[in-house]
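Please read the structure below before turning to the comments.
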Amino acid sequence: MGDPEAAAPQPGLRVLLPSREFLTSRKGQLLLGEAVLSFIIFICYVASYAVAFMTVPLIELLLAVIYFYAYSSKLNEKFKGIHWPVANFIHCVVAAILYFAISIAAVAQYKDGASKAAGVFGFIATIVYAVDFYFIFNDLTQFIKQGDSEDPPQTHRSEEEEDSDSD
């Protein structure tokens with residue numbers, strides 16, 4: 001009855017769940033928001049007359065889940081061949097542009113409620129992806145500035161100074 005091994009949590013499916021620190025981080029919340037919004041938009045497009053637009057949220061849902069899993073399980077630190085922030089930045093920029101374009105088309109061309117809902121959620125997803133690429137851009141610029149500041153400043157002497165030294 002007092003078996004300590006039975007009371008300890010088993011490491012089965014718990015390994016697949018993201019850590020609490022990642023879920024409460026800004027990146028974790030943005031990726032989770034992107035995945036949830038993409039799923040909602042996908043369902044709305046499937047139920048609407050604008051079924052042709054469902055491929056964008058489906059692909060974005062898959063990419064958001066892949067990035068969520070990669071960042072939560074720290075695969076981005078293990079696979080150094082991919083520059084994760086740049087890839088995620090490009091993904092967010094493209095997703096924001098695509099969601100904005102199909103949301104305008106869905107709201108303007110289709111009259112059913114599911115298309116209008118998908119368009120509204122698409123505009124919200126555009127904002128979420130824009131916020132994500134804004135933060136990624138700021139992190140990338142800080143990284144680049146750190147790389148520049150590590151190099152010692154080199155002083156360049158003009159030709160006149162060099163000539164005056166030889167006299």
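Each chain in the structure tokens gets a letter, A, B and so on, in the order shown; residues start at 1 in every chain, and ligands are counted from 1 in the order they appear.
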> range 32-156 of chain A: which residues are helix (DSSP H, G or I) by DSSP, as a PyMOL selection string?
Replying inline: chain A and resi 32-46+51-72+75-78+84-109+113-150
> Contacts of Ile43 in chain A at 10 Å or less, counting only C-alpha atoms, minus same-chain residues fewer than 5 places along, as a VMD selection string?
Replying inline: chain A and resid 37 to 38 48 51 54 57 to 58 114 118
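Checking A:Val46, A:Ala106, A:Ala95, A:Leu23 one by one against Ser73 in chain A, counting only C-alpha atoms, you find the shortest gap at A:Leu23.
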Write out as a PDB file with N, CA and C atoms, in the first residue's frame each polymer residue whose atoms come within 12 Å of Ile59 in chain A, counting only C-alpha atoms; drop sequence neighbours fewer than 6 positions from it.
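So the final result, stored in part_37.pdb, reads:
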```
ATOM      1  N   GLU A  34      -1.166  30.494 -32.502  1.00  0.00           N
ATOM      2  CA  GLU A  34      -1.140  30.285 -33.951  1.00  0.00           C
ATOM      3  C   GLU A  34      -1.763  28.949 -34.327  1.00  0.00           C
ATOM      4  N   ALA A  35      -1.444  27.912 -33.578  1.00  0.00           N
ATOM      5  CA  ALA A  35      -1.996  26.588 -33.881  1.00  0.00           C
ATOM      6  C   ALA A  35      -3.502  26.553 -33.645  1.00  0.00           C
ATOM      7  N   SER A  38      -5.273  28.655 -36.326  1.00  0.00           N
ATOM      8  CA  SER A  38      -5.231  27.957 -37.618  1.00  0.00           C
ATOM      9  C   SER A  38      -6.239  26.819 -37.648  1.00  0.00           C
ATOM     10  N   PHE A  39      -6.395  26.107 -36.537  1.00  0.00           N
ATOM     11  CA  PHE A  39      -7.378  25.029 -36.476  1.00  0.00           C
ATOM     12  C   PHE A  39      -8.803  25.570 -36.596  1.00  0.00           C
ATOM     13  N   ILE A  41      -9.756  28.400 -37.986  1.00  0.00           N
ATOM     14  CA  ILE A  41      -9.948  28.905 -39.343  1.00  0.00           C
ATOM     15  C   ILE A  41     -10.130  27.761 -40.320  1.00  0.00           C
ATOM     16  N   PHE A  42      -9.374  26.691 -40.143  1.00  0.00           N
ATOM     17  CA  PHE A  42      -9.525  25.515 -41.001  1.00  0.00           C
ATOM     18  C   PHE A  42     -10.942  24.954 -40.899  1.00  0.00           C
ATOM     19  N   PHE A  53     -10.072  27.919 -49.734  1.00  0.00           N
ATOM     20  CA  PHE A  53      -9.093  28.585 -48.881  1.00  0.00           C
ATOM     21  C   PHE A  53      -8.612  27.720 -47.723  1.00  0.00           C
ATOM     22  N   VAL A  65       2.311  23.524 -35.410  1.00  0.00           N
ATOM     23  CA  VAL A  65       2.490  22.367 -34.526  1.00  0.00           C
ATOM     24  C   VAL A  65       3.944  21.879 -34.586  1.00  0.00           C
ATOM     25  N   ILE A  66       4.534  21.891 -35.772  1.00  0.00           N
ATOM     26  CA  ILE A  66       5.938  21.471 -35.903  1.00  0.00           C
ATOM     27  C   ILE A  66       6.853  22.416 -35.128  1.00  0.00           C
ATOM     28  N   HIS A  91       8.456  32.048 -41.971  1.00  0.00           N
ATOM     29  CA  HIS A  91       7.153  31.398 -41.850  1.00  0.00           C
ATOM     30  C   HIS A  91       6.091  32.372 -41.359  1.00  0.00           C
ATOM     31  N   VAL A  94       5.209  35.075 -44.109  1.00  0.00           N
ATOM     32  CA  VAL A  94       4.390  34.486 -45.172  1.00  0.00           C
ATOM     33  C   VAL A  94       2.987  34.170 -44.657  1.00  0.00           C
ATOM     34  N   ALA A  95       2.892  33.634 -43.458  1.00  0.00           N
ATOM     35  CA  ALA A  95       1.581  33.302 -42.893  1.00  0.00           C
ATOM     36  C   ALA A  95       0.737  34.553 -42.687  1.00  0.00           C
ATOM     37  N   LEU A  98      -0.481  35.694 -46.142  1.00  0.00           N
ATOM     38  CA  LEU A  98      -1.497  34.780 -46.683  1.00  0.00           C
ATOM     39  C   LEU A  98      -2.820  34.890 -45.928  1.00  0.00           C
ATOM     40  N   TYR A  99      -2.762  34.924 -44.609  1.00  0.00           N
ATOM     41  CA  TYR A  99      -4.000  35.053 -43.833  1.00  0.00           C
ATOM     42  C   TYR A  99      -4.706  36.377 -44.127  1.00  0.00           C
TER      43      TYR A  99
END
```
> From the list A:Val56, A:Ala70, A:Leu140, A:Leu32, which residue is nearest Ile102 in chain A when using only C-alpha atoms?
Replying inline: A:Val56
>> I'd like the interatomic distance between CA of Cys92 in chain A and CA of Phe133 in chain A, to a tenth of an Å.
In response: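 Separating CA of Cys92 in chain A from CA of Phe133 in chain A is a distance of 5.6 Å.
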>> Report, in Å to a single decimal, how far apart CA of Gln142 in chain A and CA of Gly81 in chain A are.
In response: 21.1 Å
